[in-house]
Amino acid sequence: MGTPGLGNRGSGQRLGITEPISLSGPTEYDVIKTSELEKFLQDAGLYESQEDAVNREEVLGRLDQIVKKWAKSISRAKGLNEQLVQEANAKIFTFGSYRLGVHGPGADIDTLCVGPRHATREEDFFGELHRMLSEMSEVSELHPVPDAHVPVLKFKFSGVSIDLLYAKLSLWVIPEDLDISQDSILQNADDQTVRSLNGCRVTDQILRLVPNIQNFRTTLRCMRFWAKRRGVYSNVAGFLGGINWALLVARICQLYPNALPNMLVSRFFMVYTQWRWPNPVMLCNIEEGSLGLQIWDPRRNPKDRYHLMPIITPAYPCMNSSYNVSASTLRIMFEEFQRGNDICEAMEANKADWNTLFEPYAFFEAYKNYLQIDISAANADDLRSWKGWVESRLRQLTLKIERHTFNMLQCHPHPGEFTDKSRPFHCSYFMGLQRKQGVPVNEGEQFDIRLTVEEFKKAVNMYTVWKPGMEICVTHVRRKNIPNYVFPGGVRPPRPKNTWDMRRAAELRLERSPESKAILNGSAEDGKKRKREEDADPNSGNPKHAAVQLSSSVEAAEVSLTTASTASSSYTKGYDLHDSGIGESGTKKNEYEGSASSKEAENLAIEKVASVPYVGAQASVEELDELEDELVCKDQSKEIPKVAIASSFVSPNAGVTSAGSGNGSSPSTDLHAGSVLDELEPAELTALTPITNPQAPPVQGKPLIRLSLTSVAKATGKSA
């Protein structure tokens with residue numbers, strides 16, 4: 001199954017599109033810190049037991065036997081001669097985290113079944129193979145998703161979760177030594193086959209393009225764990241998924257081919273805090289290919305110019321695997337890269353350790369205001385499909401809110417879901433809200449996003465297989481009223497104290513204001529007094545006050561929006577999303593290079609690598625949103641008034657009461673080919689393309705509004 005193990009390359013071979021930044025070997029410090037890192041990852045439970053590993057191999061072997069039996073069965077049923085029946089074959093390949101060797105206990109195995117030309121996807125794979133699996137006692141939770149952008153069979157085999165894709169090749173017989181890395185394998189393949197093959201081809205190409213596979217794997221395990229702890233691991237939410245992190249780590253391995261994981265982690269943060277997005281991250285040059293398949297090319301493809309954080313897959317057809325990243329999620333990830341870089345510097349000065357780097361992000365302490373998105377369904381199967389669809393649309397809510405408030409109100413989506421055990425077939429999602437940092441606050445200024453939320457709900461309710469009981473409700477909730485079921489054990493923990501982020505924020509306040517010295521010197525009373533003064537003053541320089549209209553009443557609800565506890569404004573210093581310039585990188589003490597001059601040379605080398613020219617003019621985020629709106633609304637014939645007051649923002653019965661726009665043709669609705677590469681993003685695979693819901697009311701056009709800070713207030717007779 002799959003491609004045989006790939007050995008390490010010699011240090012003399014160049015890998016990547018540029019020369020390495022450094023060929024230096026590890027110091028004694030690196031050896032010690034790498035050993036500490038490996039122990040930390042082991043203690044965190046990121047490695048599966050030998051028994052579990054053996055069980056996975058047995059499951060894959062059994063699955064390979066099943067698809068071989070299936071291939072012979074359908075060949076006989078289609079009347080092929082006995083020789084072809086005997087030669088009939090199918091093969092199982094793996095990709096994703098399992099193929100990369102970075103999977104943990106209980107993780108899904110992403111698998112691909114490659115079959116002959118006469119084995120169809122609809123009738124044979126989702127028909128006959130599905131029937132065979134359903135009759136096996138070892139198989140449970142069998143869930144076919146034939147209408148997804150990348151069709152998939154999801155099930156458990158002897159307790160091991162499997163995602164099985166299908167690729168139909170133009171061959172009558174599938175050879176046992178089939179090499180799917182060859183571009184010729186894509187000859188005459190349909191789009192779904194190309195997308196299904198892409199995961200395996202990209203995974204194997206990554207392993208070919210890193211200089212030391214073991215160091216790559218340890219570093220990738222570290223970065224995946226870090227991203228999950230810091231809340232930036234989710235392709236569907238607009239952050240990065242498994243394949244994205246693998247590509248970013250692989251590029252660092254190319255730039256420091258002889259470094260151990262300790263240094264690779266440090267340089268990961270150093271390089272990507274200086275990266276001049278949207279310059280693309282690439283492991284190899286983009287090949288045109290001979291089959292005419294579309295590749296990522298901003299010079300030819302207008303949509304490619306809208307990508308804010310291009311991370312290009314290395315296998316033909318090369319594409320951007322991080323097309324879901326938005327301005328808000330890029331900002332959040334950049335802040336986290338900066339934080340990681342600061343901590344790695346502190347570790348070198350013995351002022352921090354690995355525990356500091358992996359401190360969980362206190363999402364429900366970071367903001368004063370949140371949006372809570374509740375969904376429910378009539379049964380477990382309906383909830384599973386409803387969740388997949390809603391998750392694929394949540395990114396649109398973020399984009400719409402930021403666009404309709406001219407990016408003044410920023411959203412921070414939480415990448416996970418939460419379940420209230422007292423409510424069956426229900427789950428919740430949350431988004432943090434805050435005013436854009438560094439913007440003057442006008443007294444009485446308010447945000448009314450009820451129209452935006454109604455738009456979003458209408459689009460979600462256009463789910464093509466909507467069923468009674470599938471409902472969605474969006475409400476505003478303050479930090480103090482966050483439901484307890486979001487916390488471990490259902491118990492709200494005490495507010496965190498003395499974390500790295502809090503200490504860092506205190507240091508920054510000290511730099512900005514001498515009055516803060518009292519807090520750092522332990523004067524609790526002075527600190528409380530100053531806090532009261534800041535809260536009372538809407539124009540104070542620390543908290544940002546604003547009003548957000550979030551209720552059904554015409555009256556504006558006054559709520560304060562504060563900065564995150566991580567003092568994000570300091571992290572974004574010198575960073576502009578429009579020109580993607582990153583400044584004030586500075587030079588940093590580091591034992592690896594040994595001197596200030598060599599460190600300066602390294603920074604210059606990083607700057608050179610990070611500034612590879614972006615081939616193509618970048619379009620603005622607003623242009624992208626308008627293009628998406630055009631595509632979503634192209635089949636709509638009616639339009640509601642440009643400024644209207646939504647009937648209710650907080651609707652306890654919000655569900656299938658209204659229809660909206662959406663025909664699945666926008667870049668974020670029609671799931672991109674790259675989504676199959678992320679082994680931990682099932683929503684990307686299960687989300688279906690929306691069409692008009694026959695059970696919903698007649699479709700109305702999308703409200704084409706550009707909501708200013710005062711437009712809705714004027715419509716309601718309120719002053720802004």
# chains A, B, ... in the order shown; residues from 1 in each chain; ligands from 1

call {"tool": "residues_around", "arguments": {"residues": "Ser140 (chain A)", "least_positions_apart": "5", "cutoff": "9 Å", "atoms": "only C-alpha atoms", "output": "PDB file with C-alpha atoms, in the first residue's frame"}}
result
ATOM      1  CA  LEU A 133     -18.949  -2.973   3.864  1.00  0.00           C
ATOM      2  CA  SER A 134     -22.408  -2.660   5.407  1.00  0.00           C
ATOM      3  CA  PHE A 155     -16.695   4.462   8.489  1.00  0.00           C
ATOM      4  CA  LYS A 156     -14.967   2.679  11.342  1.00  0.00           C
ATOM      5  CA  PHE A 157     -13.216  -0.636  10.724  1.00  0.00           C
ATOM      6  CA  SER A 158     -12.448  -2.572  13.899  1.00  0.00           C
ATOM      7  CA  GLY A 159     -12.624   0.717  15.765  1.00  0.00           C
TER       8      GLY A 159
END

call {"tool": "select_by_dssp", "arguments": {"residues": "region 149-339 of chain A", "states": "strand (DSSP E or B)", "output": "ChimeraX atom specification"}}
result
/A:152-157,160-168,233,240,281,311-312,320

call {"tool": "write_last_selection", "arguments": {"atoms": "N, CA and C atoms", "output": "CSV table (one decimal), in the first residue's frame"}}
result
chain,number,residue,atom,x,y,z
A,152,VAL,N,-16.6,10.8,-0.5
A,152,VAL,CA,-15.9,10.0,0.5
A,152,VAL,C,-16.9,9.0,1.1
A,153,LEU,N,-16.3,7.8,1.5
A,153,LEU,CA,-17.0,6.9,2.3
A,153,LEU,C,-16.3,7.0,3.7
A,154,LYS,N,-17.1,7.3,4.7
A,154,LYS,CA,-16.6,7.4,6.1
A,154,LYS,C,-17.1,6.3,6.9
A,155,PHE,N,-16.3,5.6,7.7
A,155,PHE,CA,-16.7,4.5,8.5
A,155,PHE,C,-15.6,4.1,9.5
A,156,LYS,N,-15.9,3.2,10.4
A,156,LYS,CA,-15.0,2.7,11.3
A,156,LYS,C,-14.8,1.2,11.0
A,157,PHE,N,-13.5,0.8,11.0
A,157,PHE,CA,-13.2,-0.6,10.7
A,157,PHE,C,-12.4,-1.2,11.9
A,160,VAL,N,-11.2,1.6,14.0
A,160,VAL,CA,-10.3,2.6,13.4
A,160,VAL,C,-11.1,3.4,12.4
A,161,SER,N,-11.0,4.7,12.6
A,161,SER,CA,-11.8,5.6,11.7
A,161,SER,C,-11.1,5.7,10.3
A,162,ILE,N,-11.9,5.5,9.2
A,162,ILE,CA,-11.4,5.5,7.9
A,162,ILE,C,-12.2,6.5,7.0
A,163,ASP,N,-11.5,7.3,6.3
A,163,ASP,CA,-12.0,8.2,5.2
A,163,ASP,C,-11.5,7.6,3.9
A,164,LEU,N,-12.4,7.1,3.1
A,164,LEU,CA,-12.0,6.4,1.9
A,164,LEU,C,-12.5,7.1,0.7
A,165,LEU,N,-11.6,7.6,-0.2
A,165,LEU,CA,-11.9,8.3,-1.4
A,165,LEU,C,-11.7,7.3,-2.6
A,166,TYR,N,-12.2,7.7,-3.8
A,166,TYR,CA,-12.1,6.8,-4.9
A,166,TYR,C,-11.5,7.5,-6.1
A,167,ALA,N,-10.6,6.8,-6.8
A,167,ALA,CA,-10.0,7.3,-8.1
A,167,ALA,C,-10.2,6.3,-9.2
A,168,LYS,N,-10.9,6.6,-10.2
A,168,LYS,CA,-11.1,5.7,-11.3
A,168,LYS,C,-10.1,6.1,-12.4
A,233,TYR,N,-5.7,25.9,14.2
A,233,TYR,CA,-5.7,24.7,13.3
A,233,TYR,C,-7.1,24.4,12.8
A,240,LEU,N,-5.3,27.3,9.2
A,240,LEU,CA,-4.6,26.3,8.4
A,240,LEU,C,-4.9,24.9,8.9
A,281,VAL,N,4.4,30.5,-0.5
A,281,VAL,CA,5.3,29.5,0.0
A,281,VAL,C,5.3,28.3,-0.9
A,311,ILE,N,-0.1,29.0,0.0
A,311,ILE,CA,0.8,27.9,0.3
A,311,ILE,C,0.5,26.8,-0.8
A,312,ILE,N,1.5,26.7,-1.7
A,312,ILE,CA,1.3,25.9,-2.9
A,312,ILE,C,1.7,24.5,-2.8
A,320,ASN,N,-3.3,26.3,-4.6
A,320,ASN,CA,-3.1,26.9,-3.3
A,320,ASN,C,-4.0,26.1,-2.3

call {"tool": "closest_atom_pairs", "arguments": {"of": "region 336-399 of chain A", "to": "region 42-54 of chain A", "cutoff": "12 Å", "atoms": "only C-alpha atoms", "output": "JSON lines"}}
result
{"residue": "A:Trp354", "atom": "CA", "partner": "A:Ala44", "partner_atom": "CA", "distance": 11.6}
{"residue": "A:Asn355", "atom": "CA", "partner": "A:Ala44", "partner_atom": "CA", "distance": 10.7}
{"residue": "A:Phe358", "atom": "CA", "partner": "A:Ala44", "partner_atom": "CA", "distance": 10.6}

call {"tool": "residues_around", "arguments": {"residues": "Thr111 (chain A)", "least_positions_apart": "2", "cutoff": "12 Å", "atoms": "only C-alpha atoms", "output": "NGL selection string"}}
result
:A and (1-2 or 56 or 59-61 or 63-64 or 67 or 91-99 or 108-109 or 113-114 or 152-155 or 161-167 or 196-200 or 203 or 676-677 or 679)

call {"tool": "write_last_selection", "arguments": {"atoms": "N, CA and C atoms", "output": "compact mmCIF listing (two decimals), in the first residue's frame"}}
result
# COMPACT_ATOMS: atom_id res chain seq x y z
N MET A 1 0.84 -1.19 0.00
CA MET A 1 0.00 0.00 0.00
C MET A 1 0.87 1.24 0.00
N GLY A 2 0.52 2.20 -0.83
CA GLY A 2 1.26 3.45 -0.86
C GLY A 2 2.63 3.30 -1.47
N ARG A 56 -3.69 -0.76 13.19
CA ARG A 56 -3.92 0.05 11.99
C ARG A 56 -3.40 -0.66 10.74
N VAL A 59 -5.80 -3.37 9.79
CA VAL A 59 -7.02 -2.82 9.19
C VAL A 59 -6.77 -2.43 7.74
N LEU A 60 -5.65 -1.77 7.48
CA LEU A 60 -5.34 -1.37 6.10
C LEU A 60 -5.15 -2.58 5.21
N GLY A 61 -4.49 -3.63 5.72
CA GLY A 61 -4.32 -4.85 4.95
C GLY A 61 -5.65 -5.51 4.64
N LEU A 63 -8.57 -3.98 4.49
CA LEU A 63 -9.28 -3.12 3.55
C LEU A 63 -8.77 -3.31 2.13
N ASP A 64 -7.47 -3.50 1.99
CA ASP A 64 -6.89 -3.74 0.67
C ASP A 64 -7.43 -5.05 0.07
N VAL A 67 -11.12 -4.42 -1.24
CA VAL A 67 -11.29 -3.74 -2.52
C VAL A 67 -10.81 -4.60 -3.69
N LYS A 91 -6.40 -1.02 -5.49
CA LYS A 91 -5.34 -0.82 -4.52
C LYS A 91 -5.70 0.27 -3.54
N ILE A 92 -5.21 0.10 -2.31
CA ILE A 92 -5.40 1.11 -1.27
C ILE A 92 -4.10 1.88 -1.06
N PHE A 93 -4.20 3.22 -1.08
CA PHE A 93 -3.09 4.10 -0.75
C PHE A 93 -3.48 4.94 0.47
N THR A 94 -2.52 5.41 1.20
CA THR A 94 -2.79 6.30 2.34
C THR A 94 -2.20 7.67 2.07
N PHE A 95 -2.74 8.66 2.75
CA PHE A 95 -2.18 10.02 2.65
C PHE A 95 -2.47 10.74 3.96
N GLY A 96 -2.20 12.04 4.00
CA GLY A 96 -2.47 12.81 5.20
C GLY A 96 -1.51 12.48 6.33
N SER A 97 -1.98 12.66 7.56
CA SER A 97 -1.12 12.53 8.73
C SER A 97 -0.56 11.12 8.88
N TYR A 98 -1.34 10.11 8.49
CA TYR A 98 -0.85 8.74 8.63
C TYR A 98 0.31 8.49 7.68
N ARG A 99 0.16 8.92 6.45
CA ARG A 99 1.24 8.72 5.47
C ARG A 99 2.47 9.54 5.83
N ASP A 108 -8.01 9.62 12.40
CA ASP A 108 -8.52 8.99 11.19
C ASP A 108 -7.36 8.59 10.28
N ILE A 109 -7.61 7.59 9.44
CA ILE A 109 -6.67 7.26 8.38
C ILE A 109 -7.29 7.68 7.06
N CYS A 113 -8.86 4.54 -2.63
CA CYS A 113 -9.03 3.31 -3.41
C CYS A 113 -8.86 3.66 -4.88
N VAL A 114 -7.90 3.02 -5.54
CA VAL A 114 -7.69 3.22 -6.97
C VAL A 114 -8.25 2.01 -7.70
N VAL A 152 -16.63 10.78 -0.55
CA VAL A 152 -15.93 10.01 0.46
C VAL A 152 -16.87 9.02 1.13
N LEU A 153 -16.34 7.85 1.48
CA LEU A 153 -17.01 6.88 2.34
C LEU A 153 -16.34 6.97 3.71
N LYS A 154 -17.14 7.28 4.74
CA LYS A 154 -16.59 7.41 6.09
C LYS A 154 -17.13 6.25 6.93
N PHE A 155 -16.25 5.58 7.65
CA PHE A 155 -16.69 4.46 8.49
C PHE A 155 -15.60 4.12 9.49
N SER A 161 -11.04 4.72 12.55
CA SER A 161 -11.79 5.61 11.66
C SER A 161 -11.11 5.69 10.30
N ILE A 162 -11.91 5.51 9.24
CA ILE A 162 -11.40 5.51 7.88
C ILE A 162 -12.18 6.52 7.04
N ASP A 163 -11.46 7.34 6.28
CA ASP A 163 -12.05 8.16 5.22
C ASP A 163 -11.54 7.60 3.91
N LEU A 164 -12.44 7.05 3.11
CA LEU A 164 -12.04 6.36 1.88
C LEU A 164 -12.51 7.12 0.65
N LEU A 165 -11.57 7.58 -0.16
CA LEU A 165 -11.85 8.25 -1.42
C LEU A 165 -11.72 7.25 -2.57
N TYR A 166 -12.18 7.66 -3.75
CA TYR A 166 -12.08 6.75 -4.91
C TYR A 166 -11.54 7.49 -6.12
N ALA A 167 -10.61 6.83 -6.82
CA ALA A 167 -10.04 7.35 -8.07
C ALA A 167 -10.19 6.28 -9.15
N SER A 196 -9.17 13.49 -5.85
CA SER A 196 -8.95 12.37 -4.92
C SER A 196 -7.50 11.91 -4.94
N LEU A 197 -6.87 11.90 -6.11
CA LEU A 197 -5.47 11.50 -6.22
C LEU A 197 -4.53 12.54 -5.62
N ASN A 198 -4.99 13.78 -5.57
CA ASN A 198 -4.12 14.88 -5.17
C ASN A 198 -3.55 14.69 -3.77
N GLY A 199 -4.37 14.19 -2.84
CA GLY A 199 -3.89 14.02 -1.48
C GLY A 199 -2.68 13.11 -1.39
N CYS A 200 -2.74 11.96 -2.06
CA CYS A 200 -1.62 11.02 -2.05
C CYS A 200 -0.40 11.59 -2.76
N THR A 203 1.23 14.36 -0.60
CA THR A 203 1.89 13.82 0.60
C THR A 203 3.22 13.18 0.26
N VAL A 676 -9.27 18.17 0.10
CA VAL A 676 -9.07 16.75 0.39
C VAL A 676 -7.74 16.49 1.08
N LEU A 677 -6.82 17.43 0.99
CA LEU A 677 -5.49 17.20 1.53
C LEU A 677 -5.47 17.25 3.05
N GLU A 679 -6.36 16.01 6.42
CA GLU A 679 -6.91 14.79 6.97
C GLU A 679 -7.81 15.00 8.16

call {"tool": "select_by_dssp", "arguments": {"residues": "region 408-454 of chain A", "states": "alpha helix (DSSP H)", "output": "PyMOL selection string"}}
result
chain A and resi 450-454

call {"tool": "closest_residue", "arguments": {"among": "A:Gln338, A:Gln274, A:Gln187, A:Ser376", "to": "Leu293 (chain A)", "atoms": "only C-alpha atoms"}}
result
A:Gln187

call {"tool": "atom_distance", "arguments": {"atom1": "CA of Glu417 (chain A)", "atom2": "CA of Trp466 (chain A)"}}
result
20.5 Å

call {"tool": "atom_distance", "arguments": {"atom1": "CA of Gly101 (chain A)", "atom2": "CA of Ile243 (chain A)"}}
result
12.7 Å

call {"tool": "atom_distance", "arguments": {"atom1": "CA of Met502 (chain A)", "atom2": "CA of Met333 (chain A)"}}
result
18.5 Å

call {"tool": "closest_residue", "arguments": {"among": "A:Tyr429, A:Thr329, A:Asn369, A:Leu209", "to": "Glu402 (chain A)", "atoms": "only C-alpha atoms"}}
result
A:Thr329

call {"tool": "closest_residue", "arguments": {"among": "A:Leu80, A:Ala71, A:Ser137, A:Tyr323", "to": "Thr120 (chain A)", "atoms": "only C-alpha atoms"}}
result
A:Ala71

call {"tool": "closest_residue", "arguments": {"among": "A:Ala189, A:Val453, A:Leu383, A:Ile472", "to": "Leu291 (chain A)", "atoms": "only C-alpha atoms"}}
result
A:Ala189
